[in-house]
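K.L.:
Below are the structure tokens for one structure; questions will follow.
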Amino acid sequence: MTKMTGKEMVVEALKREGVEVCFGFPGGAIIDVYDTLERDGTIKHVLVRHEQGATHAADGYARATGRVGVCIATSGPGATNTVTGIATAYADSIPMVVFTGQVPTSLIGNDAFQEVDIVGITRPCTKHNYLVKDVKDLPRILKEAFTVARSGRPGPVLIDLPKDVQNAKAEFDYPEKIKFRSYNPVLEPHSKQIERAYRMIEKSRRPIFYVGGGVVIANAHKEMKELAEMLHAPVTMTLMGLSGFPGTSELSLGMLGMHGTYCSNMAMAHSDLIIAVGARFDDRVTGKIDAFAPKAKIIHIDIDPTSIQKNVKVDIPIVGDCRKALKKIVKAVKKAGRPAEAWKEQFQEWWEQLHAWEERHPLTYKEEPGVIKPQYVIEQLYDLTKGKAIISTEVGQNQMWTAQFYKFDEPRSFLTSGGLGTMGYGLPAAIGAQMAFPDKLVIDVAGDGSIQMNIQELATAQQEKLNVKVVILNNQFLGMVRQWQELFYDRVYAATDFTFTPDFVKIAEAYGATGLRATKPEEVREVLEKGLETPGVVIMEFVIAREEGVFPMVPAGKATTEMLLV
Amino acid sequence: MKHKHTLSVLVENTPGALSRITGLFSGRGFNIESLCVAATLDPTLSHLTLVTTGDDFIIEQIIKQLNRLVDVYKVVDVTEGVYVEREMALVKVKAEDETRAEVLRMCDIFRCKVVDVSPKTYTIEVTGPESKLKAVIELLKPIGIKEIARTGTIAMVREKKTV
């Protein structure tokens, strides 16, 4: 058996796990790993400008590819800077392995220079984490970390590497596979439950599929589409579920929840059977929980048993991988052998009602002469890209307008921080996705507020010669909070007015990128066309209606049928 | 309906495992009433007995959340079935002329042991289910408890009996 140092083990494990690219920022406590990484030269490293950027980039890479995202940071401040990105990945179940340097084991606990208990800090926001105290444990820990990160309900795993462990030697026995005594996620759904689910679907008159991020994570896009089409049943998606089912399908009702479509929310409220697939009945989806879907029976498919019965009572829980569960239900439907027409007829009245809701309040906005409406920008962006781009967003109004007006057909084409709602996510995530797909068009839709939270990553994109495009919807406000203040706080705009906004065109130029601006509706198309055609990093700024809101809106704590409409 | 539940948890004997469990309770607003951790016959596993209160909904979440932790090997709600539970307390109680005999009488009734004697105190060892400890403590209170140390509950599911 070959002896290796800890730092060599790390690099070797990355190679064996098929890691092609990692994102990070060096420092004294991780310099040894960096040295090995550079001398080895197999793995591409993207040098970010802030460790938070590294975590979001690794996260964006993971979301776009389905593979484990890897990032590296040093001890102390480097490590604490990764926390927001780790929590973001944790909230959305994104597979990620984060390496942090640590002071030598002899100094741990001494308040040494750049020492922080990062394992303690990240315990509640990682799926699992490790402080490596003995280099002999490192091969096992590396294998465990990648396995835990990508299996079951995926999530981020952190490995804290003291400097002396990076340089200590031990035998490198890297297990091909690893068996855990205490960690065995259930993947295979119970056949009895599938049968019960099928019988419930067969009896239903007003069913609805409620599709969450689990469908995207499990790569169950095809199965989801097949099942919905076989049954000719309507589908609504959560923010995380967008791209898990084609947004252009005639069966799609669009997004549901706080800023969901009128039809989706009405459909959930009046349905007699909700089939939740990889979704977790988040408060942004259910609204006031006591008033949520009063007439519906619920089938809940989720790989994580804790998600089931957490917020709502479920009639048929199905624990397992979404893809496997959907496959089994598809099989059950086929076995029952009902003709397509029978299903169509069964749900025909329901569809009539759904179409009526759709017609009564479609997604819309009011045009105003001479003023750019953000929804129009997104519509034009969709039209120009034909829905083929990978879109990341920041958080807030920009995110909701994108979710509402861009139709996602391809799985993993929408990267957004859903659970944690992290402003500053979009640009580094776009960089991560572009690293995975150099030839695809990757666009970050941002607001003037959130883009400034990680704007330094423009330098990263430039250094890597990427083609990331940034659309900034500039209303000189922290728009989502402003909208709440307008509606619920008597228009007292406390700390949301960005009276000063930097010149984004000049910022682009300062970074050696291209900057474009549109201030009138007739310039929107032109700027988008030019921006998307121009190679390299392009910022397209759209000066939009200052006080435009996101509608429909379910006020927090209200029933989802109590929507504020345009 | 809120009920007291005693959970028996087998967990990997790794650094941080206990902190993961207590962190789970504090982070999700669950309550720990008592917690007792010790080694098992297998040195790589620790046995943790945890008493908590909640309705069925909360207890179900607690058990699922515990099972979700990578380090947790097994969770059993012993209160689900027939079980024995024990707790031990050391109680240092005032024992002066007029009360010395009274304390000893109490010890006799509850089958406690006097484990330390001083001119003005007795330290007694009480073992039993939580209800017994409570009764002893209530009765000793008027006499004057100077100090008390409790172990927290440990519990075990009863073997099925053959008649």
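Residue numbering restarts at 1 for every chain of the structure tokens, chains are lettered A, B, ... in their displayed order, and ligands are numbered from 1 as they appear.
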For the interface of chain B with chain A (cut-off 8 Å, counting only C-alpha atoms), please tabulate each contacting residue of chain B alongside its nearest pair of atoms and their separation in Å to one decimal, rows sorted by chain and increasing number, as JSON lines.

P.N.:
{"residue": "B:Val11", "atom": "CA", "partner": "A:Ser182", "partner_atom": "CA", "distance": 7.9}
{"residue": "B:Glu12", "atom": "CA", "partner": "A:Ser182", "partner_atom": "CA", "distance": 7.6}
{"residue": "B:Arg20", "atom": "CA", "partner": "A:Arg123", "partner_atom": "CA", "distance": 6.7}
{"residue": "B:Gly23", "atom": "CA", "partner": "A:Pro124", "partner_atom": "CA", "distance": 7.0}
{"residue": "B:Leu24", "atom": "CA", "partner": "A:Pro124", "partner_atom": "CA", "distance": 7.4}
{"residue": "B:Gly27", "atom": "CA", "partner": "A:Pro124", "partner_atom": "CA", "distance": 7.6}
{"residue": "B:Phe57", "atom": "CA", "partner": "A:Gln309", "partner_atom": "CA", "distance": 7.9}
{"residue": "B:Gln61", "atom": "CA", "partner": "A:Thr306", "partner_atom": "CA", "distance": 6.3}
{"residue": "B:Lys64", "atom": "CA", "partner": "A:Thr306", "partner_atom": "CA", "distance": 5.4}
{"residue": "B:Gln65", "atom": "CA", "partner": "A:Thr306", "partner_atom": "CA", "distance": 6.0}
{"residue": "B:Arg68", "atom": "CA", "partner": "A:Thr306", "partner_atom": "CA", "distance": 7.7}
{"residue": "B:Leu69", "atom": "CA", "partner": "A:Tyr183", "partner_atom": "CA", "distance": 7.8}
{"residue": "B:Val70", "atom": "CA", "partner": "A:Tyr183", "partner_atom": "CA", "distance": 5.2}
{"residue": "B:Asp71", "atom": "CA", "partner": "A:Ser182", "partner_atom": "CA", "distance": 5.8}
{"residue": "B:Val72", "atom": "CA", "partner": "A:Ser182", "partner_atom": "CA", "distance": 5.6}
{"residue": "B:Tyr73", "atom": "CA", "partner": "A:Ser182", "partner_atom": "CA", "distance": 4.2}
{"residue": "B:Lys74", "atom": "CA", "partner": "A:Ser182", "partner_atom": "CA", "distance": 7.5}

K.L.:
From a DSSP calculation on the backbone, collect every residue of segment 24-107 of chain B in helix (DSSP H, G or I) and output the set as a short mmCIF file (atom, residue, chain, number, x, y, z; two decimals) with all heavy atoms, in the first residue's frame.

P.N.:
data_model
loop_
_atom_site.label_atom_id
_atom_site.label_comp_id
_atom_site.auth_asym_id
_atom_site.auth_seq_id
_atom_site.Cartn_x
_atom_site.Cartn_y
_atom_site.Cartn_z
N LEU B 24 -29.86 19.50 17.66
CA LEU B 24 -31.12 19.23 16.96
C LEU B 24 -32.30 19.67 17.83
O LEU B 24 -33.25 20.29 17.36
CB LEU B 24 -31.19 17.74 16.68
CG LEU B 24 -32.29 17.19 15.80
CD1 LEU B 24 -31.84 15.85 15.24
CD2 LEU B 24 -33.59 16.99 16.52
N PHE B 25 -32.23 19.34 19.12
CA PHE B 25 -33.33 19.70 20.03
C PHE B 25 -33.43 21.21 20.18
O PHE B 25 -34.52 21.77 20.08
CB PHE B 25 -33.15 19.01 21.39
CG PHE B 25 -33.69 17.62 21.41
CD1 PHE B 25 -33.00 16.58 20.80
CD2 PHE B 25 -34.91 17.33 21.99
CE1 PHE B 25 -33.50 15.29 20.78
CE2 PHE B 25 -35.43 16.04 21.99
CZ PHE B 25 -34.72 15.03 21.39
N SER B 26 -32.30 21.88 20.43
CA SER B 26 -32.38 23.33 20.64
C SER B 26 -32.74 24.03 19.34
O SER B 26 -33.56 24.95 19.33
CB SER B 26 -31.07 23.86 21.21
OG SER B 26 -30.00 23.58 20.33
N GLY B 27 -32.18 23.59 18.22
CA GLY B 27 -32.43 24.24 16.94
C GLY B 27 -33.86 24.13 16.47
O GLY B 27 -34.36 25.00 15.77
N ASP B 56 -48.07 13.57 19.87
CA ASP B 56 -47.62 12.50 18.97
C ASP B 56 -46.89 13.06 17.76
O ASP B 56 -45.92 12.49 17.28
CB ASP B 56 -48.83 11.69 18.49
CG ASP B 56 -49.46 10.91 19.63
OD1 ASP B 56 -48.82 10.86 20.70
OD2 ASP B 56 -50.56 10.38 19.45
N PHE B 57 -47.39 14.18 17.27
CA PHE B 57 -46.84 14.84 16.09
C PHE B 57 -45.37 15.23 16.32
O PHE B 57 -44.50 14.94 15.51
CB PHE B 57 -47.69 16.09 15.86
CG PHE B 57 -47.65 16.65 14.49
CD1 PHE B 57 -48.17 15.92 13.42
CD2 PHE B 57 -47.12 17.91 14.26
CE1 PHE B 57 -48.14 16.45 12.15
CE2 PHE B 57 -47.10 18.44 13.00
CZ PHE B 57 -47.61 17.71 11.93
N ILE B 58 -45.13 15.85 17.48
CA ILE B 58 -43.77 16.30 17.80
C ILE B 58 -42.85 15.12 18.05
O ILE B 58 -41.72 15.09 17.57
CB ILE B 58 -43.81 17.23 19.03
CG1 ILE B 58 -44.61 18.47 18.65
CG2 ILE B 58 -42.40 17.55 19.55
CD1 ILE B 58 -44.28 19.73 19.36
N ILE B 59 -43.35 14.13 18.78
CA ILE B 59 -42.51 12.96 19.08
C ILE B 59 -42.13 12.25 17.78
O ILE B 59 -40.99 11.83 17.59
CB ILE B 59 -43.24 12.00 20.05
CG1 ILE B 59 -43.52 12.71 21.38
CG2 ILE B 59 -42.43 10.73 20.27
CD1 ILE B 59 -42.31 13.18 22.16
N GLU B 60 -43.08 12.16 16.85
CA GLU B 60 -42.78 11.54 15.56
C GLU B 60 -41.66 12.31 14.85
O GLU B 60 -40.72 11.73 14.32
CB GLU B 60 -44.05 11.52 14.68
CG GLU B 60 -43.85 10.83 13.34
CD GLU B 60 -45.06 10.94 12.41
OE1 GLU B 60 -46.18 11.14 12.90
OE2 GLU B 60 -44.84 10.83 11.18
N GLN B 61 -41.77 13.64 14.86
CA GLN B 61 -40.72 14.47 14.25
C GLN B 61 -39.38 14.26 14.94
O GLN B 61 -38.35 14.11 14.28
CB GLN B 61 -41.10 15.96 14.34
CG GLN B 61 -41.69 16.55 13.08
CD GLN B 61 -40.80 16.40 11.85
OE1 GLN B 61 -39.64 16.80 11.85
NE2 GLN B 61 -41.33 15.80 10.81
N ILE B 62 -39.40 14.24 16.27
CA ILE B 62 -38.14 14.08 17.02
C ILE B 62 -37.47 12.77 16.62
O ILE B 62 -36.27 12.73 16.33
CB ILE B 62 -38.40 14.13 18.54
CG1 ILE B 62 -38.77 15.55 18.97
CG2 ILE B 62 -37.18 13.64 19.32
CD1 ILE B 62 -39.15 15.70 20.43
N ILE B 63 -38.25 11.70 16.58
CA ILE B 63 -37.67 10.39 16.27
C ILE B 63 -37.13 10.38 14.84
O ILE B 63 -36.03 9.91 14.57
CB ILE B 63 -38.72 9.27 16.49
CG1 ILE B 63 -39.01 9.18 17.99
CG2 ILE B 63 -38.23 7.93 15.95
CD1 ILE B 63 -40.15 8.26 18.35
N LYS B 64 -37.90 10.96 13.91
CA LYS B 64 -37.43 11.01 12.52
C LYS B 64 -36.18 11.87 12.38
O LYS B 64 -35.23 11.50 11.69
CB LYS B 64 -38.51 11.61 11.63
CG LYS B 64 -39.65 10.66 11.29
CD LYS B 64 -40.67 11.46 10.51
CE LYS B 64 -41.76 10.63 9.90
NZ LYS B 64 -42.70 11.51 9.19
N GLN B 65 -36.19 13.01 13.05
CA GLN B 65 -35.03 13.90 12.97
C GLN B 65 -33.79 13.24 13.56
O GLN B 65 -32.70 13.37 13.03
CB GLN B 65 -35.30 15.23 13.69
CG GLN B 65 -36.37 16.10 13.03
CD GLN B 65 -35.89 16.82 11.78
OE1 GLN B 65 -34.72 16.75 11.43
NE2 GLN B 65 -36.79 17.49 11.10
N LEU B 66 -33.97 12.51 14.66
CA LEU B 66 -32.83 11.80 15.25
C LEU B 66 -32.31 10.76 14.27
O LEU B 66 -31.11 10.65 14.03
CB LEU B 66 -33.25 11.11 16.55
CG LEU B 66 -33.36 12.03 17.78
CD1 LEU B 66 -34.04 11.28 18.93
CD2 LEU B 66 -31.99 12.53 18.22
N ASN B 67 -33.23 10.02 13.67
CA ASN B 67 -32.82 8.99 12.72
C ASN B 67 -32.10 9.56 11.52
O ASN B 67 -31.31 8.90 10.87
CB ASN B 67 -34.05 8.21 12.25
CG ASN B 67 -34.32 7.02 13.14
OD1 ASN B 67 -33.41 6.27 13.49
ND2 ASN B 67 -35.56 6.86 13.56
N ARG B 68 -32.40 10.81 11.21
CA ARG B 68 -31.79 11.44 10.04
C ARG B 68 -30.31 11.74 10.26
O ARG B 68 -29.55 11.85 9.31
CB ARG B 68 -32.54 12.73 9.71
CG ARG B 68 -32.14 13.33 8.40
CD ARG B 68 -33.23 14.22 7.89
NE ARG B 68 -33.10 15.55 8.46
CZ ARG B 68 -33.12 16.65 7.71
NH1 ARG B 68 -33.26 16.57 6.42
NH2 ARG B 68 -33.02 17.83 8.25
N VAL B 78 -39.18 3.99 24.18
CA VAL B 78 -39.48 2.90 25.11
C VAL B 78 -40.86 3.07 25.73
O VAL B 78 -41.49 2.10 26.14
CB VAL B 78 -38.41 2.76 26.23
CG1 VAL B 78 -37.09 2.35 25.66
CG2 VAL B 78 -38.29 4.02 27.03
N THR B 79 -41.35 4.30 25.78
CA THR B 79 -42.67 4.55 26.37
C THR B 79 -43.79 3.96 25.52
O THR B 79 -44.92 3.88 25.96
CB THR B 79 -42.89 6.07 26.54
OG1 THR B 79 -41.82 6.76 25.91
CG2 THR B 79 -42.90 6.43 27.99
N GLU B 80 -43.47 3.55 24.31
CA GLU B 80 -44.47 2.91 23.44
C GLU B 80 -44.96 1.60 24.02
O GLU B 80 -46.11 1.23 23.84
CB GLU B 80 -43.84 2.61 22.07
CG GLU B 80 -43.56 3.81 21.24
CD GLU B 80 -44.69 4.09 20.28
OE1 GLU B 80 -44.72 3.42 19.24
OE2 GLU B 80 -45.52 4.95 20.60
N ASP B 97 -30.57 16.97 65.60
CA ASP B 97 -31.14 16.15 66.69
C ASP B 97 -32.57 15.67 66.44
O ASP B 97 -32.84 14.49 66.38
CB ASP B 97 -31.10 16.96 68.00
CG ASP B 97 -29.66 17.27 68.36
OD1 ASP B 97 -28.77 16.59 67.79
OD2 ASP B 97 -29.43 18.19 69.15
N GLU B 98 -33.44 16.65 66.23
CA GLU B 98 -34.86 16.26 66.20
C GLU B 98 -35.24 15.57 64.89
O GLU B 98 -36.25 14.87 64.85
CB GLU B 98 -35.76 17.49 66.46
CG GLU B 98 -35.71 18.58 65.39
CD GLU B 98 -34.56 19.54 65.62
OE1 GLU B 98 -33.57 19.18 66.30
OE2 GLU B 98 -34.63 20.65 65.08
N THR B 99 -34.45 15.73 63.80
CA THR B 99 -34.86 15.15 62.52
C THR B 99 -34.05 13.92 62.12
O THR B 99 -34.39 13.24 61.17
CB THR B 99 -34.76 16.18 61.39
OG1 THR B 99 -33.45 16.72 61.38
CG2 THR B 99 -35.79 17.27 61.54
N ARG B 100 -32.97 13.63 62.82
CA ARG B 100 -32.10 12.51 62.39
C ARG B 100 -32.89 11.20 62.28
O ARG B 100 -32.79 10.48 61.29
CB ARG B 100 -30.92 12.33 63.34
CG ARG B 100 -29.81 13.33 63.08
CD ARG B 100 -28.62 13.10 64.00
NE ARG B 100 -27.56 12.33 63.38
CZ ARG B 100 -26.61 12.84 62.60
NH1 ARG B 100 -26.60 14.12 62.32
NH2 ARG B 100 -25.69 12.08 62.07
N ALA B 101 -33.70 10.95 63.26
CA ALA B 101 -34.45 9.69 63.26
C ALA B 101 -35.51 9.68 62.16
O ALA B 101 -35.71 8.68 61.47
CB ALA B 101 -35.11 9.49 64.62
N GLU B 102 -36.10 10.86 61.96
CA GLU B 102 -37.14 10.99 60.95
C GLU B 102 -36.59 10.69 59.54
O GLU B 102 -37.21 9.98 58.75
CB GLU B 102 -37.71 12.42 61.03
CG GLU B 102 -38.65 12.83 59.91
CD GLU B 102 -39.98 12.10 59.99
OE1 GLU B 102 -40.23 11.41 60.97
OE2 GLU B 102 -40.74 12.21 59.01
N VAL B 103 -35.38 11.21 59.28
CA VAL B 103 -34.76 10.97 57.98
C VAL B 103 -34.49 9.48 57.78
O VAL B 103 -34.77 8.91 56.72
CB VAL B 103 -33.45 11.79 57.82
CG1 VAL B 103 -32.70 11.39 56.56
CG2 VAL B 103 -33.75 13.27 57.82
N LEU B 104 -33.97 8.87 58.84
CA LEU B 104 -33.67 7.43 58.73
C LEU B 104 -34.94 6.61 58.50
O LEU B 104 -34.94 5.66 57.73
CB LEU B 104 -32.95 6.94 59.99
CG LEU B 104 -31.49 7.38 60.11
CD1 LEU B 104 -30.88 6.85 61.40
CD2 LEU B 104 -30.68 6.89 58.90
N ARG B 105 -36.02 7.02 59.14
CA ARG B 105 -37.29 6.32 58.97
C ARG B 105 -37.74 6.41 57.50
O ARG B 105 -38.16 5.45 56.89
CB ARG B 105 -38.35 6.93 59.89
CG ARG B 105 -39.21 5.85 60.52
CD ARG B 105 -40.26 6.31 61.51
NE ARG B 105 -40.39 7.71 61.78
CZ ARG B 105 -39.93 8.32 62.88
NH1 ARG B 105 -39.28 7.63 63.79
NH2 ARG B 105 -40.13 9.61 63.07
N MET B 106 -37.58 7.59 56.99
CA MET B 106 -37.96 7.82 55.60
C MET B 106 -37.13 6.92 54.67
O MET B 106 -37.64 6.32 53.73
CB MET B 106 -37.72 9.28 55.25
CG MET B 106 -38.64 9.80 54.20
SD MET B 106 -40.08 10.47 54.97
CE MET B 106 -39.42 12.08 55.40
N CYS B 107 -35.84 6.86 54.97
CA CYS B 107 -34.94 6.01 54.18
C CYS B 107 -35.42 4.58 54.21
O CYS B 107 -35.41 3.87 53.21
CB CYS B 107 -33.53 6.05 54.78
SG CYS B 107 -32.61 7.48 54.26
#

K.L.:
For atom CA of Asn475 of chain A and atom CA of Val550 of chain A, determine how far apart the two atoms are, in Å to one decimal place.

P.N.:
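Going from atom CA of Asn475 of chain A over to atom CA of Val550 of chain A covers 13.0 Å.
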
K.L.:
Restricting the calculation to only C-alpha atoms: of A:Gly396, A:Pro139, A:Pro521, A:Gly213, which residue gets closest to Ala170 of chain A?

P.N.:
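Among the listed residues, the smallest separation from Ala170 of chain A belongs to A:Pro139.
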
K.L.:
Tell me, which residues of segment 9-108 of chain B carry DSSP strand (DSSP E), written as a ChimeraX atom specification?

P.N.:
/B:9-12,34-39,45-54,72-77,83-94

K.L.:
Could you check which of A:Gly214, A:Gly557, A:Pro294, A:Gly76 is closest to Ser93 of chain A, using only C-alpha atoms?

P.N.:
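Closest candidate: A:Gly214.
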
K.L.:
Hey, which of B:Thr153, B:Thr22, B:Thr123, B:Ser118 ends up closest to Ser34 of chain B? Count only C-alpha atoms.

P.N.:
B:Thr153

K.L.:
Can you tell me, as an NGL selection string, what residues are no more than 12 Å from Leu363 of chain A when counting only C-alpha atoms, ignoring any on the same chain fewer than 2 positions away?

P.N.:
:A and (253-256 or 259-264 or 357-361 or 365-366 or 375 or 379 or 401 or 403-406 or 550-553 or 565-566)

K.L.:
List the neighbours of Asp108 of chain B out to 12 Å using only C-alpha atoms; skip same-chain residues closer than 6 positions along the sequence, and give me the result as a list in words.

P.N.:
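Surrounding residues, per the criterion: Ala101, Glu102, Val114, Ile124, Glu125, Val126 and Val136 of chain B.
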
K.L.:
Using only C-alpha atoms, which residues sit within 10 Å of Glu51 of chain A once same-chain residues fewer than 5 positions away are excluded, as an mmCIF file with N, CA and C atoms, in the first residue's frame?

P.N.:
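Everything below was put into out16.cif:
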data_model
loop_
_atom_site.group_PDB
_atom_site.id
_atom_site.type_symbol
_atom_site.label_atom_id
_atom_site.label_comp_id
_atom_site.auth_asym_id
_atom_site.auth_seq_id
_atom_site.Cartn_x
_atom_site.Cartn_y
_atom_site.Cartn_z
ATOM 1 N N PHE A 23 -13.786 25.092 -6.541
ATOM 2 C CA PHE A 23 -13.821 26.541 -6.385
ATOM 3 C C PHE A 23 -13.269 26.894 -5.014
ATOM 4 N N GLY A 24 -12.426 27.917 -4.941
ATOM 5 C CA GLY A 24 -11.897 28.211 -3.617
ATOM 6 C C GLY A 24 -11.050 29.456 -3.545
ATOM 7 N N PHE A 25 -10.494 29.617 -2.353
ATOM 8 C CA PHE A 25 -9.706 30.800 -2.025
ATOM 9 C C PHE A 25 -8.687 30.348 -0.991
ATOM 10 N N PRO A 26 -7.380 30.556 -1.250
ATOM 11 C CA PRO A 26 -6.376 29.955 -0.358
ATOM 12 C C PRO A 26 -6.113 30.771 0.912
ATOM 13 N N HIS A 56 -21.232 29.229 -3.473
ATOM 14 C CA HIS A 56 -22.356 29.349 -4.413
ATOM 15 C C HIS A 56 -21.976 28.820 -5.799
ATOM 16 N N ALA A 57 -20.721 29.025 -6.187
ATOM 17 C CA ALA A 57 -20.289 28.519 -7.492
ATOM 18 C C ALA A 57 -20.316 26.990 -7.498
ATOM 19 N N CYS A 71 -15.697 22.848 -2.890
ATOM 20 C CA CYS A 71 -15.007 24.119 -2.670
ATOM 21 C C CYS A 71 -14.032 24.032 -1.504
ATOM 22 N N ILE A 72 -13.088 24.960 -1.525
ATOM 23 C CA ILE A 72 -11.966 24.943 -0.592
ATOM 24 C C ILE A 72 -11.790 26.334 0.013
ATOM 25 N N ALA A 73 -11.564 26.381 1.317
ATOM 26 C CA ALA A 73 -11.305 27.661 1.970
ATOM 27 C C ALA A 73 -10.307 27.447 3.095
ATOM 28 N N THR A 74 -9.759 28.530 3.568
ATOM 29 C CA THR A 74 -8.804 28.407 4.655
ATOM 30 C C THR A 74 -9.532 28.452 5.996
ATOM 31 N N PRO A 77 -11.573 33.125 9.111
ATOM 32 C CA PRO A 77 -12.502 33.923 8.294
ATOM 33 C C PRO A 77 -12.832 33.245 6.965
ATOM 34 N N GLY A 78 -11.885 32.517 6.417
ATOM 35 C CA GLY A 78 -12.169 31.796 5.176
ATOM 36 C C GLY A 78 -13.291 30.810 5.405
ATOM 37 N N ALA A 79 -13.209 30.118 6.513
ATOM 38 C CA ALA A 79 -14.214 29.113 6.848
ATOM 39 C C ALA A 79 -15.561 29.770 7.147
ATOM 40 N N THR A 80 -15.550 30.842 7.954
ATOM 41 C CA THR A 80 -16.841 31.464 8.300
ATOM 42 C C THR A 80 -17.502 32.075 7.061
ATOM 43 N N ASN A 81 -16.693 32.514 6.115
ATOM 44 C CA ASN A 81 -17.282 33.057 4.884
ATOM 45 C C ASN A 81 -18.019 32.004 4.053
ATOM 46 N N THR A 82 -17.761 30.749 4.319
ATOM 47 C CA THR A 82 -18.460 29.710 3.557
ATOM 48 C C THR A 82 -19.837 29.392 4.150
ATOM 49 N N VAL A 83 -20.097 29.902 5.342
ATOM 50 C CA VAL A 83 -21.289 29.433 6.073
ATOM 51 C C VAL A 83 -22.593 29.713 5.322
ATOM 52 N N THR A 84 -22.739 30.931 4.792
ATOM 53 C CA THR A 84 -23.983 31.261 4.080
ATOM 54 C C THR A 84 -24.189 30.336 2.879
ATOM 55 N N GLY A 85 -23.101 30.064 2.173
ATOM 56 C CA GLY A 85 -23.207 29.186 1.007
ATOM 57 C C GLY A 85 -23.537 27.756 1.397
#

K.L.:
Could you state the separation of atom CA of Phe488 of chain A and atom CA of Met563 of chain A in Å, given to one decimal place?

P.N.:
14.0 Å

K.L.:
For segment 82-96 of chain B, list every protein, DNA or RNA residue within 6 Å, evaluated using only C-alpha atoms, and leave out those in the same chain fewer than 2 positions away; present the list as a list in words.

P.N.:
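Near neighbours after the sequence-gap exclusion: Glu98, Thr99, Arg100, Lys120, Thr121, Tyr122, Thr123, Ile124, Glu125, Val126, Thr127, Gly128, Pro129, Gly144, Ile145, Lys146, Glu147, Ile148, Ala149, Arg150, Thr151, Gly152, Thr153, Ile154, Ala155, Met156, Val157 and Arg158 of chain B.
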
K.L.:
Extract, using only C-alpha atoms, all DNA, RNA and protein residues at most 9 Å from Cys22 of chain A, discarding same-chain residues fewer than 6 positions from it, and format them as a ChimeraX atom specification.

P.N.:
/A:43-47,54,57-58,69-72
